[in-house]
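*Asks:* For reference, this is query.cif, and it has mmCIF, N, CA and C atoms.
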```cif
data_coords
#
loop_
_atom_site.group_PDB
_atom_site.id
_atom_site.type_symbol
_atom_site.label_atom_id
_atom_site.label_comp_id
_atom_site.auth_asym_id
_atom_site.auth_seq_id
_atom_site.Cartn_x
_atom_site.Cartn_y
_atom_site.Cartn_z
ATOM 1 N N MET A 1 6.039 26.167 22.854
ATOM 2 C CA MET A 1 5.316 26.011 21.620
ATOM 3 C C MET A 1 6.313 25.678 20.507
ATOM 4 N N THR A 2 5.932 24.812 19.600
ATOM 5 C CA THR A 2 6.827 24.410 18.522
ATOM 6 C C THR A 2 6.474 25.135 17.245
ATOM 7 N N GLU A 3 7.427 25.141 16.337
ATOM 8 C CA GLU A 3 7.208 25.757 15.027
ATOM 9 C C GLU A 3 6.279 24.888 14.197
ATOM 10 N N PRO A 4 5.478 25.485 13.316
ATOM 11 C CA PRO A 4 4.622 24.687 12.426
ATOM 12 C C PRO A 4 5.460 23.770 11.558
ATOM 13 N N THR A 5 4.987 22.564 11.368
ATOM 14 C CA THR A 5 5.694 21.584 10.567
ATOM 15 C C THR A 5 5.421 21.829 9.089
ATOM 16 N N THR A 6 6.463 21.743 8.277
ATOM 17 C CA THR A 6 6.315 21.946 6.839
ATOM 18 C C THR A 6 6.912 20.752 6.098
ATOM 19 N N GLY A 7 6.753 20.727 4.794
ATOM 20 C CA GLY A 7 7.333 19.677 3.976
ATOM 21 C C GLY A 7 6.578 18.375 4.116
ATOM 22 N N ALA A 8 7.332 17.261 4.062
ATOM 23 C CA ALA A 8 6.722 15.934 4.132
ATOM 24 C C ALA A 8 6.019 15.724 5.466
ATOM 25 N N ASP A 9 6.611 16.212 6.552
ATOM 26 C CA ASP A 9 5.988 16.080 7.869
ATOM 27 C C ASP A 9 4.712 16.896 7.951
ATOM 28 N N GLY A 10 4.638 18.004 7.217
ATOM 29 C CA GLY A 10 3.433 18.830 7.206
ATOM 30 C C GLY A 10 2.256 18.085 6.624
ATOM 31 N N GLY A 11 2.510 17.245 5.632
ATOM 32 C CA GLY A 11 1.448 16.419 5.061
ATOM 33 C C GLY A 11 0.915 15.434 6.079
ATOM 34 N N PHE A 12 1.829 14.837 6.835
ATOM 35 C CA PHE A 12 1.405 13.920 7.890
ATOM 36 C C PHE A 12 0.597 14.663 8.945
ATOM 37 N N LEU A 13 1.065 15.839 9.330
ATOM 38 C CA LEU A 13 0.380 16.612 10.365
ATOM 39 C C LEU A 13 -1.019 17.015 9.915
ATOM 40 N N ARG A 14 -1.164 17.440 8.672
ATOM 41 C CA ARG A 14 -2.489 17.791 8.157
ATOM 42 C C ARG A 14 -3.413 16.571 8.154
ATOM 43 N N HIS A 15 -2.899 15.450 7.698
ATOM 44 C CA HIS A 15 -3.701 14.232 7.646
ATOM 45 C C HIS A 15 -4.087 13.765 9.051
ATOM 46 N N ALA A 16 -3.129 13.727 9.962
ATOM 47 C CA ALA A 16 -3.395 13.276 11.329
ATOM 48 C C ALA A 16 -4.312 14.254 12.057
ATOM 49 N N GLY A 17 -4.141 15.551 11.818
ATOM 50 C CA GLY A 17 -5.010 16.543 12.433
ATOM 51 C C GLY A 17 -6.437 16.440 11.935
ATOM 52 N N ARG A 18 -6.579 16.212 10.642
ATOM 53 C CA ARG A 18 -7.912 16.039 10.062
ATOM 54 C C ARG A 18 -8.580 14.783 10.626
ATOM 55 N N ALA A 19 -7.819 13.712 10.773
ATOM 56 C CA ALA A 19 -8.356 12.484 11.353
ATOM 57 C C ALA A 19 -8.765 12.708 12.806
ATOM 58 N N PHE A 20 -7.948 13.443 13.552
ATOM 59 C CA PHE A 20 -8.277 13.743 14.949
ATOM 60 C C PHE A 20 -9.576 14.533 15.046
ATOM 61 N N LEU A 21 -9.717 15.555 14.225
ATOM 62 C CA LEU A 21 -10.934 16.365 14.263
ATOM 63 C C LEU A 21 -12.165 15.559 13.844
ATOM 64 N N GLY A 22 -12.010 14.713 12.850
ATOM 65 C CA GLY A 22 -13.118 13.846 12.438
ATOM 66 C C GLY A 22 -13.533 12.895 13.546
ATOM 67 N N ASN A 23 -12.551 12.336 14.241
ATOM 68 C CA ASN A 23 -12.850 11.443 15.359
ATOM 69 C C ASN A 23 -13.453 12.200 16.534
ATOM 70 N N LEU A 24 -13.020 13.418 16.761
ATOM 71 C CA LEU A 24 -13.605 14.240 17.818
ATOM 72 C C LEU A 24 -15.070 14.523 17.518
ATOM 73 N N TYR A 25 -15.359 14.889 16.279
ATOM 74 C CA TYR A 25 -16.736 15.154 15.872
ATOM 75 C C TYR A 25 -17.600 13.898 16.037
ATOM 76 N N ALA A 26 -17.083 12.748 15.605
ATOM 77 C CA ALA A 26 -17.836 11.498 15.712
ATOM 78 C C ALA A 26 -18.096 11.134 17.175
ATOM 79 N N ALA A 27 -17.114 11.342 18.040
ATOM 80 C CA ALA A 27 -17.291 11.035 19.457
ATOM 81 C C ALA A 27 -18.348 11.940 20.084
ATOM 82 N N LEU A 28 -18.292 13.220 19.768
ATOM 83 C CA LEU A 28 -19.289 14.143 20.315
ATOM 84 C C LEU A 28 -20.683 13.835 19.791
ATOM 85 N N ARG A 29 -20.770 13.490 18.513
ATOM 86 C CA ARG A 29 -22.067 13.152 17.919
ATOM 87 C C ARG A 29 -22.652 11.889 18.551
ATOM 88 N N SER A 30 -21.834 10.860 18.727
ATOM 89 C CA SER A 30 -22.343 9.629 19.328
ATOM 90 C C SER A 30 -22.692 9.839 20.799
ATOM 91 N N LEU A 31 -21.973 10.728 21.466
ATOM 92 C CA LEU A 31 -22.277 11.023 22.860
ATOM 93 C C LEU A 31 -23.606 11.752 23.016
ATOM 94 N N ARG A 32 -23.982 12.528 22.017
ATOM 95 C CA ARG A 32 -25.292 13.196 22.046
ATOM 96 C C ARG A 32 -26.428 12.198 21.881
ATOM 97 N N LEU A 33 -26.177 11.121 21.161
ATOM 98 C CA LEU A 33 -27.232 10.148 20.863
ATOM 99 C C LEU A 33 -27.368 9.050 21.915
ATOM 100 N N TYR A 34 -26.258 8.657 22.518
ATOM 101 C CA TYR A 34 -26.250 7.492 23.401
ATOM 102 C C TYR A 34 -25.568 7.826 24.725
ATOM 103 N N PRO A 35 -25.836 7.023 25.761
ATOM 104 C CA PRO A 35 -25.125 7.217 27.033
ATOM 105 C C PRO A 35 -23.667 6.767 26.914
ATOM 106 N N VAL A 36 -22.850 7.184 27.848
ATOM 107 C CA VAL A 36 -21.413 6.892 27.813
ATOM 108 C C VAL A 36 -21.136 5.390 27.796
ATOM 109 N N GLU A 37 -21.986 4.614 28.412
ATOM 110 C CA GLU A 37 -21.767 3.172 28.498
ATOM 111 C C GLU A 37 -21.991 2.446 27.172
ATOM 112 N N ASN A 38 -22.590 3.090 26.192
ATOM 113 C CA ASN A 38 -22.908 2.467 24.918
ATOM 114 C C ASN A 38 -21.632 2.066 24.176
ATOM 115 N N VAL A 39 -21.706 0.926 23.488
ATOM 116 C CA VAL A 39 -20.547 0.401 22.760
ATOM 117 C C VAL A 39 -20.098 1.362 21.659
ATOM 118 N N ALA A 40 -21.038 1.976 20.951
ATOM 119 C CA ALA A 40 -20.680 2.908 19.874
ATOM 120 C C ALA A 40 -19.927 4.116 20.425
ATOM 121 N N VAL A 41 -20.329 4.604 21.582
ATOM 122 C CA VAL A 41 -19.646 5.743 22.206
ATOM 123 C C VAL A 41 -18.245 5.327 22.636
ATOM 124 N N GLN A 42 -18.124 4.173 23.255
ATOM 125 C CA GLN A 42 -16.813 3.691 23.699
ATOM 126 C C GLN A 42 -15.873 3.484 22.512
ATOM 127 N N ARG A 43 -16.395 2.953 21.417
ATOM 128 C CA ARG A 43 -15.577 2.740 20.220
ATOM 129 C C ARG A 43 -15.103 4.077 19.641
ATOM 130 N N SER A 44 -16.008 5.063 19.611
ATOM 131 C CA SER A 44 -15.611 6.365 19.067
ATOM 132 C C SER A 44 -14.563 7.041 19.949
ATOM 133 N N PHE A 45 -14.665 6.854 21.275
ATOM 134 C CA PHE A 45 -13.639 7.407 22.167
ATOM 135 C C PHE A 45 -12.312 6.680 21.997
ATOM 136 N N ASP A 46 -12.345 5.382 21.755
ATOM 137 C CA ASP A 46 -11.111 4.640 21.494
ATOM 138 C C ASP A 46 -10.426 5.137 20.223
ATOM 139 N N GLU A 47 -11.212 5.388 19.180
ATOM 140 C CA GLU A 47 -10.654 5.907 17.928
ATOM 141 C C GLU A 47 -10.086 7.312 18.126
ATOM 142 N N LEU A 48 -10.777 8.129 18.918
ATOM 143 C CA LEU A 48 -10.284 9.471 19.219
ATOM 144 C C LEU A 48 -8.972 9.392 19.988
ATOM 145 N N GLU A 49 -8.894 8.493 20.941
ATOM 146 C CA GLU A 49 -7.661 8.328 21.708
ATOM 147 C C GLU A 49 -6.502 7.896 20.803
ATOM 148 N N GLY A 50 -6.773 6.983 19.884
ATOM 149 C CA GLY A 50 -5.735 6.538 18.951
ATOM 150 C C GLY A 50 -5.225 7.671 18.081
ATOM 151 N N ALA A 51 -6.142 8.497 17.586
ATOM 152 C CA ALA A 51 -5.735 9.641 16.759
ATOM 153 C C ALA A 51 -4.945 10.652 17.586
ATOM 154 N N ALA A 52 -5.349 10.853 18.827
ATOM 155 C CA ALA A 52 -4.637 11.790 19.704
ATOM 156 C C ALA A 52 -3.237 11.271 20.023
ATOM 157 N N ARG A 53 -3.125 9.990 20.274
ATOM 158 C CA ARG A 53 -1.801 9.405 20.561
ATOM 159 C C ARG A 53 -0.870 9.544 19.360
ATOM 160 N N GLU A 54 -1.405 9.332 18.163
ATOM 161 C CA GLU A 54 -0.593 9.451 16.948
ATOM 162 C C GLU A 54 -0.068 10.877 16.791
ATOM 163 N N LEU A 55 -0.937 11.855 17.007
ATOM 164 C CA LEU A 55 -0.517 13.252 16.935
ATOM 165 C C LEU A 55 0.487 13.583 18.021
ATOM 166 N N PHE A 56 0.226 13.132 19.238
ATOM 167 C CA PHE A 56 1.105 13.436 20.355
ATOM 168 C C PHE A 56 2.481 12.821 20.153
ATOM 169 N N LYS A 57 2.509 11.605 19.608
ATOM 170 C CA LYS A 57 3.796 10.952 19.359
ATOM 171 C C LYS A 57 4.623 11.745 18.352
ATOM 172 N N ALA A 58 3.965 12.294 17.349
ATOM 173 C CA ALA A 58 4.672 13.037 16.303
ATOM 174 C C ALA A 58 5.064 14.444 16.745
ATOM 175 N N GLU A 59 4.192 15.126 17.483
ATOM 176 C CA GLU A 59 4.418 16.530 17.818
ATOM 177 C C GLU A 59 4.834 16.793 19.263
ATOM 178 N N GLY A 60 4.444 15.905 20.167
ATOM 179 C CA GLY A 60 4.782 16.096 21.569
ATOM 180 C C GLY A 60 3.793 16.957 22.329
ATOM 181 N N VAL A 61 2.848 17.545 21.615
ATOM 182 C CA VAL A 61 1.826 18.385 22.254
ATOM 183 C C VAL A 61 0.592 18.420 21.363
ATOM 184 N N ILE A 62 -0.575 18.524 22.010
ATOM 185 C CA ILE A 62 -1.837 18.690 21.273
ATOM 186 C C ILE A 62 -2.557 19.863 21.901
ATOM 187 N N GLU A 63 -2.990 20.769 21.080
ATOM 188 C CA GLU A 63 -3.750 21.926 21.558
ATOM 189 C C GLU A 63 -5.015 22.050 20.734
ATOM 190 N N VAL A 64 -6.157 22.063 21.405
ATOM 191 C CA VAL A 64 -7.454 22.201 20.729
ATOM 192 C C VAL A 64 -8.074 23.491 21.202
ATOM 193 N N ARG A 65 -8.381 24.350 20.283
ATOM 194 C CA ARG A 65 -9.035 25.627 20.606
ATOM 195 C C ARG A 65 -10.433 25.636 20.015
ATOM 196 N N VAL A 66 -11.375 26.147 20.789
ATOM 197 C CA VAL A 66 -12.763 26.216 20.349
ATOM 198 C C VAL A 66 -13.168 27.677 20.285
ATOM 199 N N ALA A 67 -13.794 28.057 19.191
ATOM 200 C CA ALA A 67 -14.248 29.434 19.022
ATOM 201 C C ALA A 67 -15.673 29.423 18.526
ATOM 202 N N GLY A 68 -16.401 30.462 18.824
ATOM 203 C CA GLY A 68 -17.771 30.571 18.330
ATOM 204 C C GLY A 68 -18.770 30.070 19.346
ATOM 205 N N ASP A 69 -19.948 29.716 18.830
ATOM 206 C CA ASP A 69 -21.025 29.296 19.716
ATOM 207 C C ASP A 69 -20.809 27.950 20.262
#
```
Write out the structure in this file as structure tokens.
*Replies:*
Amino acid sequence: MTEPTTGADGGFLRHAGRAFLGNLYAALRSLRLYPVENVAVQRSFDELEGAARELFKAEGVIEVRVAGD
């Protein structure tokens, strides 16, 4: 596990993390509405993958925890 990033890199991490979560939400929402083969679902998964790659390149690891219902 790595130490939390602070300073200028912390701003990037917050921004990239927020983008990743927004893309995750959009992908899940589009998946509820349409089948996996739909173009909108595929596009949202592509955007999610791009956000995940950006985070992974910067941090070397991505961890998503889910809590609640």
*Asks:* Could you expand the PyMOL selection byres (((chain A and resi 58 and name CA) around 12) and name CA) into the explicit residues it covers here, written as number ranges by chain?
*Replies:* A: 2, 5, 9-10, 12-14, 16-17, 51-57, 59-62
*Asks:* Any idea what the distance is between atom C of Gly50 in chain A and CA of Glu37 in chain A?
*Replies:* 20.1 Å
*Asks:* So which one's closest to Leu28 in chain A, A:Val64, A:Ser44, A:Asp69, A:Glu49? Using only C-alpha atoms, please.
*Replies:*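 Smallest separation from Leu28 in chain A among the options: A:Ser44.
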*Asks:* Could you name the residues that touch Ala27 in chain A at 7 Å or less, counting only C-alpha atoms, but leaving out those on the same chain fewer than 4 positions away, as a short mmCIF file (atom, residue, chain, number, x, y, z; two decimals) with N, CA and C atoms, keeping the file's coordinate frame?
*Replies:*
```
data_model
loop_
_atom_site.label_atom_id
_atom_site.label_comp_id
_atom_site.auth_asym_id
_atom_site.auth_seq_id
_atom_site.Cartn_x
_atom_site.Cartn_y
_atom_site.Cartn_z
N ASN A 23 -12.55 12.34 14.24
CA ASN A 23 -12.85 11.44 15.36
C ASN A 23 -13.45 12.20 16.53
N LEU A 31 -21.97 10.73 21.47
CA LEU A 31 -22.28 11.02 22.86
C LEU A 31 -23.61 11.75 23.02
N VAL A 41 -20.33 4.60 21.58
CA VAL A 41 -19.65 5.74 22.21
C VAL A 41 -18.24 5.33 22.64
N SER A 44 -16.01 5.06 19.61
CA SER A 44 -15.61 6.36 19.07
C SER A 44 -14.56 7.04 19.95
N PHE A 45 -14.66 6.85 21.28
CA PHE A 45 -13.64 7.41 22.17
C PHE A 45 -12.31 6.68 22.00
#
```
*Asks:* For the atom pair CA of Ser30 in chain A and atom N of Gln42 in chain A, what is the interatomic distance in Å to one decimal place?
*Replies:*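 Pair CA of Ser30 in chain A / atom N of Gln42 in chain A returns 7.9 Å.
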*Asks:* Report, in Å with one decimal, the straight-line distance from atom N of Arg32 in chain A to atom N of Val66 in chain A.
*Replies:*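 Between these atoms lies a distance of 18.6 Å.
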